[in-house]
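Content type compact mmCIF, C-alpha atoms, from the file data.txt:
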```txt
# COMPACT_ATOMS: atom_id res chain seq x y z
CA MET H 29 0.00 0.00 0.00
CA LEU H 30 1.14 3.58 -0.78
CA GLU H 31 0.17 6.66 1.21
CA ALA H 32 -0.18 10.13 -0.40
CA SER H 33 3.41 10.91 0.79
CA GLY H 34 4.76 7.92 -1.17
CA LYS H 35 5.80 5.83 1.88
CA ARG H 36 5.22 2.07 1.97
CA VAL H 37 2.71 0.85 4.57
CA TYR H 38 2.35 -2.89 5.18
CA SER H 39 -1.04 -4.39 5.77
CA ALA H 40 -1.85 -7.35 7.99
CA ARG H 41 -2.52 -9.46 4.90
CA GLU H 42 1.09 -8.98 3.69
CA ILE H 43 2.79 -9.64 7.04
CA GLN H 44 0.73 -12.67 8.13
CA PRO H 45 2.31 -15.27 5.71
CA ALA H 46 5.80 -14.45 7.04
CA PHE H 47 4.79 -15.21 10.61
CA ARG H 48 3.13 -18.45 9.55
CA LEU H 49 6.34 -19.57 7.78
CA SER H 50 8.51 -18.80 10.80
CA ARG H 51 6.09 -20.65 13.07
CA ARG H 52 6.25 -23.78 10.92
CA LEU H 53 10.04 -23.69 10.72
CA SER H 54 10.31 -23.32 14.47
CA ASP H 55 8.42 -26.58 14.95
CA MET H 56 10.86 -28.52 12.75
CA LEU H 57 14.51 -29.50 13.46
CA PRO H 58 17.42 -29.61 10.94
CA ASP H 59 18.00 -33.42 10.99
CA GLY H 60 14.55 -34.56 11.83
CA THR H 61 15.46 -35.18 15.51
CA LYS H 62 14.30 -33.34 18.54
CA TYR H 63 16.26 -31.42 21.08
CA ASP H 64 15.65 -31.66 24.70
CA LYS H 65 13.66 -29.19 26.63
CA GLU H 66 16.62 -26.94 27.37
CA GLN H 67 17.71 -26.71 23.71
CA GLN H 68 14.15 -25.97 22.67
CA ALA H 69 14.08 -23.08 25.12
CA THR H 70 17.35 -21.54 23.87
CA GLY H 71 18.36 -22.72 20.38
CA GLY H 72 14.81 -22.89 19.06
CA THR H 73 14.15 -19.32 20.10
CA SER H 74 17.31 -18.07 18.39
CA LEU H 75 16.47 -19.90 15.21
CA MET H 76 12.98 -18.44 15.13
CA LYS H 77 14.33 -14.90 15.67
CA SER H 78 16.82 -15.35 12.85
CA LEU H 79 14.16 -16.57 10.47
CA LYS H 80 11.83 -13.68 11.37
CA THR H 81 14.65 -11.21 10.75
CA LEU H 82 15.33 -12.71 7.31
CA VAL H 83 11.63 -12.66 6.36
CA ILE H 84 11.16 -9.02 7.43
CA ALA H 85 14.31 -7.94 5.57
CA ALA H 86 13.12 -9.65 2.40
CA ALA H 87 9.71 -8.02 2.68
CA LEU H 88 11.28 -4.57 3.15
CA SER H 89 13.42 -5.08 0.05
CA LEU H 90 10.43 -6.05 -2.06
CA GLY H 91 8.46 -3.08 -0.68
CA ALA H 92 11.22 -0.62 -1.63
CA VAL H 93 11.20 -1.91 -5.21
CA GLY H 94 7.39 -1.59 -5.34
CA VAL H 95 7.58 2.01 -4.14
CA GLY H 96 9.85 2.95 -7.03
CA HIS H 97 7.44 1.52 -9.57
CA ALA H 98 4.29 2.99 -7.97
CA GLN H 99 5.51 6.58 -7.48
CA THR H 100 5.46 7.51 -11.19
CA PRO H 101 1.65 7.09 -11.84
CA ALA H 102 0.76 8.38 -8.38
CA ALA H 103 2.19 11.83 -9.08
CA ALA H 104 -0.05 12.52 -12.09
CA PRO H 105 -3.30 13.14 -10.14
CA VAL H 106 -1.42 15.55 -7.89
CA GLU H 107 -0.37 17.85 -10.71
CA ALA H 108 -3.42 17.56 -13.04
CA PRO H 109 -6.03 19.25 -10.79
CA VAL H 110 -3.74 22.28 -10.44
CA ALA H 111 -4.21 23.25 -14.10
CA ALA H 112 -7.95 22.36 -14.31
CA PRO H 113 -9.38 25.47 -12.57
CA VAL H 114 -7.73 27.71 -15.19
CA ALA H 115 -10.55 26.90 -17.67
CA ASN H 116 -13.29 28.25 -15.39
CA PRO H 117 -12.78 32.06 -15.68
CA ALA H 118 -13.78 32.16 -19.37
CA PRO H 119 -17.44 31.05 -18.87
CA ALA H 120 -17.62 33.36 -15.87
CA ALA H 121 -16.98 36.34 -18.12
CA ALA H 122 -19.74 35.26 -20.49
CA ASP H 123 -22.24 34.65 -17.70
CA ALA H 124 -21.54 38.02 -16.16
CA THR H 125 -22.29 39.79 -19.43
CA VAL H 126 -25.76 38.27 -20.01
CA PRO H 127 -27.50 39.40 -16.81
CA THR H 128 -25.95 42.84 -17.18
CA ALA H 129 -27.57 43.41 -20.57
CA ALA H 130 -31.01 42.03 -19.63
CA PRO H 131 -31.76 44.34 -16.68
CA ALA H 132 -30.51 47.33 -18.65
CA ALA H 133 -33.02 46.69 -21.44
CA THR H 134 -35.83 45.95 -19.00
CA GLU H 135 -35.26 49.06 -16.91
CA ALA H 136 -35.18 51.20 -20.01
CA ALA H 137 -38.51 49.80 -21.25
CA VAL H 138 -40.42 49.93 -17.94
CA PRO H 139 -41.26 53.48 -16.91
CA ALA H 140 -41.94 54.43 -13.34
CA GLY H 141 -45.47 54.32 -11.93
CA ASP H 142 -48.24 55.87 -13.97
CA ALA H 143 -51.04 57.55 -12.03
CA THR H 144 -53.34 58.18 -15.02
CA TYR H 145 -55.47 55.06 -14.35
CA THR H 146 -58.87 55.59 -12.74
CA PRO H 147 -61.45 52.81 -12.30
CA MET H 148 -64.26 52.90 -14.85
CA LYS H 149 -67.88 53.32 -13.83
CA PRO H 150 -70.16 50.44 -14.88
CA THR H 151 -72.99 50.96 -17.34
CA PRO H 152 -76.42 49.98 -15.95
CA GLY H 153 -77.79 46.89 -17.69
CA VAL H 154 -74.45 46.01 -19.35
CA GLY H 155 -72.34 43.21 -17.96
CA GLN H 156 -74.68 42.64 -15.03
CA PRO H 157 -78.13 41.15 -14.38
CA ILE H 158 -81.25 43.27 -14.77
CA ASP H 159 -84.62 43.13 -13.03
CA ALA H 160 -87.10 40.68 -14.60
CA GLY H 161 -84.57 39.67 -17.23
CA ILE H 162 -85.23 36.39 -19.08
CA ASP H 163 -82.56 36.62 -21.79
CA PHE H 164 -78.80 36.17 -21.87
CA GLN H 165 -76.70 39.20 -21.07
CA PRO H 166 -75.54 41.15 -24.14
CA GLN H 167 -72.45 39.32 -25.39
CA VAL H 168 -69.20 41.21 -25.97
CA SER H 169 -66.93 38.38 -27.19
CA PRO H 170 -66.85 36.57 -30.56
CA VAL H 171 -67.65 33.23 -28.94
CA GLY H 172 -70.50 34.78 -26.95
CA GLU H 173 -71.93 36.43 -30.04
CA GLN H 174 -71.78 33.13 -31.92
CA ALA H 175 -73.48 31.31 -29.04
CA TYR H 176 -76.13 34.02 -28.77
CA TRP H 177 -76.86 33.75 -32.50
CA PHE H 178 -76.99 29.95 -32.34
CA ASN H 179 -79.48 30.05 -29.47
CA HIS H 180 -81.77 32.69 -30.94
CA VAL H 181 -81.61 31.80 -34.64
CA ILE H 182 -81.53 28.00 -34.54
CA LEU H 183 -82.37 26.51 -31.14
CA LEU H 184 -85.29 28.68 -30.10
CA PRO H 185 -87.10 28.51 -33.48
CA VAL H 186 -86.64 24.74 -33.74
CA ILE H 187 -87.77 24.21 -30.17
CA THR H 188 -90.77 26.47 -30.69
CA ILE H 189 -91.85 24.75 -33.90
CA ILE H 190 -91.52 21.25 -32.43
CA THR H 191 -93.38 22.25 -29.29
CA LEU H 192 -96.27 23.82 -31.21
CA PHE H 193 -96.44 20.88 -33.64
CA VAL H 194 -96.61 18.28 -30.86
CA LEU H 195 -99.16 20.37 -28.98
CA GLY H 196 -101.29 20.65 -32.13
CA LEU H 197 -101.17 16.86 -32.67
CA LEU H 198 -102.27 16.23 -29.12
CA LEU H 199 -105.18 18.64 -29.41
CA TRP H 200 -106.23 17.15 -32.75
CA VAL H 201 -106.10 13.58 -31.39
CA VAL H 202 -108.07 14.56 -28.30
CA PHE H 203 -110.76 16.25 -30.38
CA ARG H 204 -110.88 13.88 -33.39
CA TYR H 205 -110.72 10.55 -31.61
CA ARG H 206 -112.94 11.29 -28.63
CA ALA H 207 -115.49 8.62 -27.74
CA LYS H 208 -118.51 10.65 -28.87
CA ALA H 209 -117.08 11.37 -32.35
CA ASN H 210 -115.58 7.90 -32.80
CA PRO H 211 -117.84 5.24 -31.22
CA VAL H 212 -116.01 2.42 -33.07
CA PRO H 213 -112.28 2.86 -32.46
CA SER H 214 -109.81 2.11 -35.20
CA LYS H 215 -107.75 -1.08 -34.95
CA THR H 216 -104.84 0.14 -37.04
CA THR H 217 -101.52 -0.74 -35.34
CA HIS H 218 -98.85 0.05 -37.96
CA ASN H 219 -98.34 2.62 -40.68
CA THR H 220 -95.09 2.38 -42.60
CA PHE H 221 -95.22 5.86 -44.06
CA ILE H 222 -95.81 7.54 -40.70
CA GLU H 223 -93.06 5.50 -39.07
CA ILE H 224 -90.55 6.61 -41.73
CA ILE H 225 -91.60 10.21 -41.33
CA TRP H 226 -91.30 10.35 -37.57
CA THR H 227 -87.82 8.75 -37.80
CA ALA H 228 -86.37 10.75 -40.69
CA ILE H 229 -87.53 14.20 -39.60
CA PRO H 230 -85.87 14.07 -36.12
CA VAL H 231 -82.64 12.85 -37.74
CA LEU H 232 -82.65 15.81 -40.12
CA ILE H 233 -83.39 18.22 -37.28
CA LEU H 234 -80.48 16.87 -35.21
CA ALA H 235 -78.15 17.13 -38.21
CA VAL H 236 -79.08 20.78 -38.73
CA ILE H 237 -78.43 21.51 -35.04
CA ALA H 238 -75.20 19.47 -34.85
CA VAL H 239 -73.20 21.40 -37.45
CA PRO H 240 -73.23 24.86 -35.80
CA SER H 241 -73.17 23.26 -32.34
CA ILE H 242 -69.91 21.39 -33.00
CA ARG H 243 -68.45 24.48 -34.65
CA LEU H 244 -69.27 26.56 -31.56
CA LEU H 245 -67.86 23.90 -29.23
CA ALA H 246 -64.59 23.80 -31.17
CA GLN H 247 -64.39 27.58 -31.17
CA GLN H 248 -64.58 27.68 -27.38
CA TYR H 249 -61.55 25.38 -27.06
CA GLU H 250 -59.30 26.75 -29.77
CA PRO H 251 -55.66 27.11 -28.60
CA PRO H 252 -54.78 30.69 -27.64
CA LYS H 253 -52.77 32.85 -29.99
CA LYS H 254 -49.11 33.60 -29.36
CA GLU H 255 -49.81 37.24 -28.49
CA ALA H 256 -52.61 36.39 -26.03
CA LEU H 257 -52.51 38.08 -22.62
CA THR H 258 -51.94 35.47 -19.91
CA ILE H 259 -53.65 35.86 -16.53
CA LYS H 260 -53.43 33.33 -13.73
CA VAL H 261 -56.68 33.05 -11.77
CA THR H 262 -56.72 31.35 -8.36
CA GLY H 263 -59.90 30.65 -6.42
CA TYR H 264 -59.75 30.89 -2.64
CA GLN H 265 -62.38 30.62 0.08
CA TRP H 266 -63.92 33.09 -0.62
CA TYR H 267 -62.18 35.50 -2.96
CA TRP H 268 -60.12 35.53 -6.15
CA GLY H 269 -56.45 36.11 -6.89
CA TYR H 270 -55.13 37.47 -10.20
CA ALA H 271 -51.57 37.55 -11.53
CA TYR H 272 -50.04 38.78 -14.84
CA PRO H 273 -46.81 36.77 -15.21
CA ASP H 274 -45.78 38.24 -18.58
CA GLN H 275 -46.16 41.81 -17.36
CA GLY H 276 -44.40 41.14 -14.06
CA ILE H 277 -47.49 41.82 -11.90
CA GLY H 278 -47.64 39.48 -8.93
CA GLU H 279 -50.86 38.07 -7.56
CA TYR H 280 -53.27 40.53 -5.99
CA VAL H 281 -56.49 39.70 -4.19
CA SER H 282 -60.02 40.67 -5.28
CA LYS H 283 -62.69 40.73 -2.55
CA MET H 284 -66.31 41.85 -2.45
CA LEU H 285 -67.09 45.39 -1.32
CA THR H 286 -69.43 46.08 1.53
CA ALA H 287 -72.85 47.60 0.85
CA ASP H 288 -71.68 51.11 1.77
CA GLN H 289 -68.53 50.84 -0.35
CA ALA H 290 -70.46 49.54 -3.37
CA LYS H 291 -73.00 52.34 -3.06
CA ALA H 292 -70.28 54.95 -2.79
CA SER H 293 -68.58 53.66 -5.94
CA GLY H 294 -71.85 53.43 -7.90
CA GLU H 295 -71.65 49.66 -8.40
CA PRO H 296 -74.12 46.84 -7.73
CA TYR H 297 -73.82 45.33 -4.27
CA GLN H 298 -72.53 41.74 -4.08
CA LEU H 299 -70.93 42.19 -7.50
CA ALA H 300 -68.52 45.07 -6.85
CA VAL H 301 -64.96 44.24 -5.78
CA ASP H 302 -62.00 46.19 -4.48
CA ASN H 303 -59.53 45.05 -7.18
CA ARG H 304 -60.78 44.20 -10.66
CA MET H 305 -59.26 42.09 -13.38
CA VAL H 306 -58.25 44.60 -16.07
CA VAL H 307 -57.80 43.59 -19.72
CA PRO H 308 -57.33 45.49 -23.00
CA VAL H 309 -60.13 45.65 -25.53
CA GLY H 310 -59.76 43.55 -28.67
CA ARG H 311 -56.91 41.38 -27.35
CA GLN H 312 -57.30 37.70 -26.63
CA VAL H 313 -56.98 36.80 -22.96
CA LYS H 314 -55.79 33.39 -21.82
CA LEU H 315 -56.92 32.43 -18.32
CA ILE H 316 -55.01 29.76 -16.41
CA ILE H 317 -57.46 28.82 -13.66
CA THR H 318 -56.78 26.79 -10.53
CA GLY H 319 -58.09 26.44 -6.98
CA ALA H 320 -56.17 26.78 -3.73
CA ASP H 321 -58.49 24.91 -1.38
CA VAL H 322 -61.77 23.56 -2.85
CA ILE H 323 -63.36 23.54 -6.31
CA HIS H 324 -64.55 26.95 -7.51
CA SER H 325 -65.78 28.06 -10.92
CA PHE H 326 -64.83 31.25 -12.75
CA ALA H 327 -67.82 32.51 -14.75
CA VAL H 328 -68.50 35.81 -16.56
CA PRO H 329 -71.78 35.58 -18.54
CA ALA H 330 -71.08 38.52 -20.87
CA PHE H 331 -67.93 36.75 -22.17
CA TRP H 332 -69.61 33.33 -22.44
CA THR H 333 -66.82 32.11 -20.13
CA LYS H 334 -67.06 29.47 -17.43
CA MET H 335 -64.28 27.20 -16.18
CA ASP H 336 -63.82 25.20 -12.98
CA ALA H 337 -60.96 26.08 -10.63
CA VAL H 338 -59.75 22.71 -9.36
CA PRO H 339 -56.96 22.42 -6.74
CA GLY H 340 -53.86 20.81 -8.19
CA ARG H 341 -54.97 21.32 -11.79
CA ALA H 342 -54.48 24.21 -14.21
CA ASN H 343 -57.49 24.62 -16.52
CA GLU H 344 -57.35 26.99 -19.47
CA THR H 345 -59.94 29.08 -21.27
CA THR H 346 -59.86 32.18 -23.45
CA PHE H 347 -62.02 35.18 -24.29
CA THR H 348 -61.69 38.36 -26.34
CA ALA H 349 -63.67 41.36 -25.16
CA ASN H 350 -64.54 43.65 -28.07
CA LYS H 351 -66.34 46.37 -26.11
CA VAL H 352 -65.08 48.67 -23.35
CA GLY H 353 -66.91 48.39 -20.04
CA VAL H 354 -67.17 46.64 -16.68
CA TYR H 355 -68.52 43.10 -16.65
CA TYR H 356 -69.47 41.07 -13.61
CA GLY H 357 -69.58 37.40 -12.77
CA GLN H 358 -69.66 35.06 -9.78
CA CYS H 359 -68.28 31.78 -8.56
CA SER H 360 -70.54 29.14 -10.10
CA GLU H 361 -69.55 26.10 -8.03
CA LEU H 362 -70.76 25.50 -4.48
CA CYS H 363 -67.59 26.10 -2.43
CA GLY H 364 -68.67 26.72 1.15
CA VAL H 365 -70.56 29.04 3.42
CA ASP H 366 -69.62 32.25 1.54
CA HIS H 367 -70.00 30.81 -1.94
CA GLY H 368 -72.51 33.54 -2.82
CA PHE H 369 -70.02 36.27 -1.91
CA MET H 370 -67.26 35.58 -4.46
CA PRO H 371 -68.00 38.14 -7.20
CA ILE H 372 -65.87 38.69 -10.28
CA ALA H 373 -65.37 42.09 -11.93
CA VAL H 374 -63.54 42.42 -15.25
CA GLU H 375 -62.75 45.89 -16.55
CA VAL H 376 -62.13 46.19 -20.29
CA LEU H 377 -60.12 49.29 -21.19
CA PRO H 378 -58.66 50.83 -24.33
CA VAL H 379 -55.09 49.69 -24.92
CA ASP H 380 -53.46 52.96 -23.81
CA LYS H 381 -55.43 53.06 -20.56
CA TRP H 382 -54.71 49.39 -19.92
CA GLU H 383 -51.00 50.08 -20.34
CA ALA H 384 -51.36 52.92 -17.84
CA TRP H 385 -52.97 50.50 -15.39
CA VAL H 386 -50.12 48.01 -15.86
CA ARG H 387 -47.56 50.73 -15.15
CA SER H 388 -49.52 51.79 -12.07
CA LYS H 389 -49.05 48.24 -10.82
CA GLY H 390 -45.31 48.40 -11.47
CA GLY H 391 -45.51 46.09 -14.49
CA ASN H 392 -44.30 46.24 -18.08
CA PRO H 393 -47.05 46.49 -20.74
CA ALA H 394 -44.72 45.14 -23.45
CA GLY H 395 -44.47 41.88 -21.54
CA PRO H 396 -42.21 39.13 -22.83
CA VAL H 397 -41.28 41.12 -25.98
CA VAL H 398 -38.61 43.06 -24.07
CA ALA H 399 -37.51 40.00 -22.15
CA ALA H 400 -36.93 38.18 -25.43
CA ALA H 401 -34.91 41.07 -26.88
CA ALA H 402 -32.42 41.11 -24.00
CA PRO H 403 -30.93 37.64 -24.63
CA ALA H 404 -30.79 38.40 -28.36
CA ALA H 405 -28.66 41.49 -27.71
CA ALA H 406 -26.35 39.61 -25.37
CA ALA H 407 -25.93 36.60 -27.65
CA PRO H 408 -22.73 37.79 -29.48
CA THR H 409 -20.93 38.35 -26.15
CA PRO H 410 -20.04 34.68 -25.48
CA ALA H 411 -18.54 34.45 -28.98
CA VAL H 412 -16.02 37.20 -28.13
CA ALA H 413 -15.08 35.62 -24.83
CA ALA H 414 -14.80 32.12 -26.30
CA PRO H 415 -11.13 32.42 -27.55
CA ALA H 416 -10.08 33.23 -23.99
CA ALA H 417 -11.09 29.75 -22.96
CA THR H 418 -8.86 28.06 -25.60
CA PRO H 419 -5.50 28.53 -23.81
CA ALA H 420 -7.06 27.23 -20.63
CA ALA H 421 -8.12 24.04 -22.38
CA THR H 422 -4.58 23.70 -23.82
CA THR H 423 -3.12 23.99 -20.34
CA THR H 424 -5.42 21.25 -19.11
CA GLU H 425 -4.42 18.93 -21.93
CA ALA H 426 -0.71 19.58 -21.23
CA ALA H 427 -1.04 18.62 -17.57
CA PRO H 428 -0.60 14.84 -18.07
CA ALA H 429 2.61 15.49 -20.04
CA ALA H 430 4.11 17.50 -17.20
CA ALA H 431 3.06 15.03 -14.53
CA PRO H 432 5.96 12.51 -14.89
CA ALA H 433 8.49 15.28 -14.31
CA ALA H 434 7.12 15.79 -10.83
CA ALA H 435 7.61 12.12 -9.86
CA PRO H 436 11.12 12.47 -8.31
CA VAL H 437 9.81 15.19 -5.98
CA ALA H 438 7.23 12.79 -4.54
CA LYS H 439 9.98 10.46 -3.28
CA ASN H 440 10.81 12.91 -0.53
```
Take the structure in the file and write it out as structure tokens.
Amino acid sequence: MLEASGKRVYSAREIQPAFRLSRRLSDMLPDGTKYDKEQQATGGTSLMKSLKTLVIAAALSLGAVGVGHAQTPAAAPVEAPVAAPVANPAPAAADATVPTAAPAATEAAVPAGDATYTPMKPTPGVGQPIDAGIDFQPQVSPVGEQAYWFNHVILLPVITIITLFVLGLLLWVVFRYRAKANPVPSKTTHNTFIEIIWTAIPVLILAVIAVPSIRLLAQQYEPPKKEALTIKVTGYQWYWGYAYPDQGIGEYVSKMLTADQAKASGEPYQLAVDNRMVVPVGRQVKLIITGADVIHSFAVPAFWTKMDAVPGRANETTFTANKVGVYYGQCSELCGVDHGFMPIAVEVLPVDKWEAWVRSKGGNPAGPVVAAAAPAAAAPTPAVAAPAATPAATTTEAAPAAAPAAAPVAKN
């Protein structure tokens, strides 16, 4: 065995055979005869000591030869790690350049706070329920407009016609086949023509309804566009949290106003909130919806938007508001004692006023556009610093060649 200093250290496994050999030789005599007890006590002991001395001397000689052969490869690991750290400074220079350029571009693009934002007053009857209303709320999104058209142009007329037709048949049968007008009842049980009619007509009706229905369903679940505004919505008991990750706006909480606060702000009680969700008009909004405790449901009728907020799951839905205003909604999933006091208020603003609101929150309206430009500007920097790393790599490769020269030093 060799220590780091190069000295020979003997293990018990190497020394044990020598002692066994000396013990066997001590039990045997030169001529096969035995000495008496006195000679065994004196001469036998001397012989054993002599043999042990010879065995130890031979082992030391072999160990010295082994040390000379083992010192040369042992010195290489000592010298090689000394040159390895030289290659590290080059990447450090490249890494230090990238974060320096990114904050500079971000700080230049994000102005200080903007105090021009003021909450918008809601319009009565728009984006909120009305007294004695029996219709959907006026829709302000393309999907909502399509659904509103589908309901009023296709579903309601078809339902009305079928209902009146069946009602007319019932009245005709009641009047025509009453006992007084028909004393001898008919015994007809089958009519092939009628059976074909009442099978084919419902099939055609369902086919007419299915085409726009499937188109509307697919439209509601189309993937969001690349430039869509991303908002994370989290349902809590019993309030909402909104965050704008691309604009750098952390989560803020939206809670229901009291009756006095809602009256003072001119908003409907149990729908007004202290912090609204604010979106720009005409831009697609992607909502990533989740729950923090129990299942909630984010629903805004004027956008034709409803999606469950499930703990541990991120559901996604989109909407595009094409009209400026304030639109209200509520949690639509039973979530506890205050389920009825989780209102939602979405404020749709012109783009310039929405950008002012983002700046008032300390965010960046440009979003990930600026963040993507920063790495692009810093990309050529590692190419300039790359040649500096080449000599370091050469030094590392030369280390094994210089290692044998250090072998004589390790003998000391």
**Q.** d(atom CA of H:Ile158, atom CA of H:Tyr356) in Å
**A.**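 Distance reported for this atom pair: 12.0 Å.
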Q | Two-atom distance - atom CA of H:Gly390, atom CA of H:Thr151 (Å) | A | 28.4 Å
Q | Length of the atom CA of H:Ser282 to atom CA of H:Glu255 vector [Å] | A |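 Rounded to one decimal, the two atoms are 25.6 Å apart.
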Q: Please provide as a PyMOL selection string all residues within 8 Å of H:Val171, with the sequence filter that same-chain residues fewer than 4 positions apart are discarded (counting all atoms listed in the file).
A: chain H and resi 175+244+247-248+331-332+347
Q.
Calculated over all atoms listed in the file, which of the candidates H:Tyr280, H:Phe178, H:Tyr249, H:Tyr145 has the smallest distance to H:Val379?
A.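 Looking at the shortest contact to H:Val379, the residue is H:Tyr145.
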Q. Which residue gives the smallest distance to H:Gly357 among H:Asn179, H:Lys291, H:His218, H:Gly155, with all atoms listed in the file counted?
A. H:Gly155
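Residue nearest H:Gln265, chosen from H:Pro150, H:Phe203, H:Ser325, H:Pro296 and counting all atoms listed in the file: H:Ser325.
In terms of minimum interatomic distance to H:Gly172, H:Ala330 ranks closest within H:Ala207, H:Val365, H:Ala330, H:Ala271, counting only C-alpha atoms.
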Q. Using all atoms listed in the file, which residue out of H:Ala394, H:Val168, H:Val154, H:Val201 lies closest to H:Pro273?
A.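 Smallest distance to H:Pro273 is found for H:Ala394.
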(Q) Using only C-alpha atoms for the distances, tell me which of H:Val236, H:Ile317, H:Ala246, H:Val301 is nearest to H:Thr345. (A) H:Ile317
Q.
I need every residue sitting at most 10 Å from the point (-58.2, 31.5, -4.6) (coordinates as in the file, only C-alpha atoms considered), written as a ChimeraX atom specification.
A. /H:261-270,281-282,317-324,337,339,370
(Q) Which residues are near H:Ser214? Cut-off 12 Å, all atoms listed in the file, ignore same chain within fewer than 5 positions. Put them as a ChimeraX atom specification. (A) /H:204-207
Q | Contacts of H:Leu315 within 7 Å, only C-alpha atoms, excl. fewer than 6 positions in-chain, as a list in words | A |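 The residues that qualify are Thr258, Ile259, Lys260, Val261, Glu344, Thr345 and Thr346 of chain H.
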Q: With a distance cut-off of 6 Å and all atoms listed in the file, select the neighbouring residues of H:Ala327, excluding the residue or stretch itself and same-chain residues fewer than 4 positions from it, and output the selection as a PyMOL selection string.
A: chain H and resi 333-334+357-358
I want to know what sits within 10 Å of H:Gly294, based on only C-alpha atoms, with residues of the same chain fewer than 3 positions away left out; could you give that as a PDB file with C-alpha atoms, keeping the file's coordinate frame?
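Final output, saved to result15.pdb:
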```
ATOM      1  CA  LYS H 149     -67.880  53.320 -13.830  1.00  0.00           C
ATOM      2  CA  PRO H 150     -70.160  50.440 -14.880  1.00  0.00           C
ATOM      3  CA  THR H 151     -72.990  50.960 -17.340  1.00  0.00           C
ATOM      4  CA  PRO H 152     -76.420  49.980 -15.950  1.00  0.00           C
ATOM      5  CA  ASP H 288     -71.680  51.110   1.770  1.00  0.00           C
ATOM      6  CA  GLN H 289     -68.530  50.840  -0.350  1.00  0.00           C
ATOM      7  CA  ALA H 290     -70.460  49.540  -3.370  1.00  0.00           C
ATOM      8  CA  LYS H 291     -73.000  52.340  -3.060  1.00  0.00           C
ATOM      9  CA  TYR H 297     -73.820  45.330  -4.270  1.00  0.00           C
ATOM     10  CA  ALA H 300     -68.520  45.070  -6.850  1.00  0.00           C
TER      11      ALA H 300
END
```
Q: Counting all atoms listed in the file, write as a ChimeraX atom specification all protein and nucleic acid residues lying at most 8 Å from (-51.8, 32.9, -24.2) in the file's frame.
A: /H:252-258,312-315
Selecting N, CA and C atoms, how would stretch 382-393 of chain H from this structure be written as a tab-separated table (two decimals), in the first residue's frame?
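Saved as part.tsv:
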```
chain	number	residue	atom	x	y	z
H	382	TRP	N	-55.15	50.64	-20.54
H	382	TRP	CA	-54.71	49.39	-19.92
H	382	TRP	C	-53.21	49.42	-19.65
H	383	GLU	N	-52.45	49.95	-20.58
H	383	GLU	CA	-51.00	50.08	-20.34
H	383	GLU	C	-50.72	50.99	-19.16
H	384	ALA	N	-51.53	52.05	-19.01
H	384	ALA	CA	-51.36	52.92	-17.84
H	384	ALA	C	-51.66	52.15	-16.56
H	385	TRP	N	-52.67	51.30	-16.58
H	385	TRP	CA	-52.97	50.50	-15.39
H	385	TRP	C	-51.83	49.55	-15.07
H	386	VAL	N	-51.24	48.93	-16.09
H	386	VAL	CA	-50.12	48.01	-15.86
H	386	VAL	C	-48.94	48.75	-15.22
H	387	ARG	N	-48.66	49.96	-15.73
H	387	ARG	CA	-47.56	50.73	-15.15
H	387	ARG	C	-47.87	51.16	-13.72
H	388	SER	N	-49.15	51.43	-13.44
H	388	SER	CA	-49.52	51.79	-12.07
H	388	SER	C	-49.31	50.64	-11.10
H	389	LYS	N	-49.32	49.41	-11.63
H	389	LYS	CA	-49.05	48.24	-10.82
H	389	LYS	C	-47.57	47.88	-10.78
H	390	GLY	N	-46.74	48.69	-11.44
H	390	GLY	CA	-45.31	48.40	-11.47
H	390	GLY	C	-44.92	47.37	-12.51
H	391	GLY	N	-45.80	47.09	-13.48
H	391	GLY	CA	-45.51	46.09	-14.49
H	391	GLY	C	-45.04	46.70	-15.80
H	392	ASN	N	-44.78	45.85	-16.76
H	392	ASN	CA	-44.30	46.24	-18.08
H	392	ASN	C	-45.34	45.87	-19.12
H	393	PRO	N	-46.01	46.83	-19.76
H	393	PRO	CA	-47.05	46.49	-20.74
H	393	PRO	C	-46.54	45.68	-21.92
```
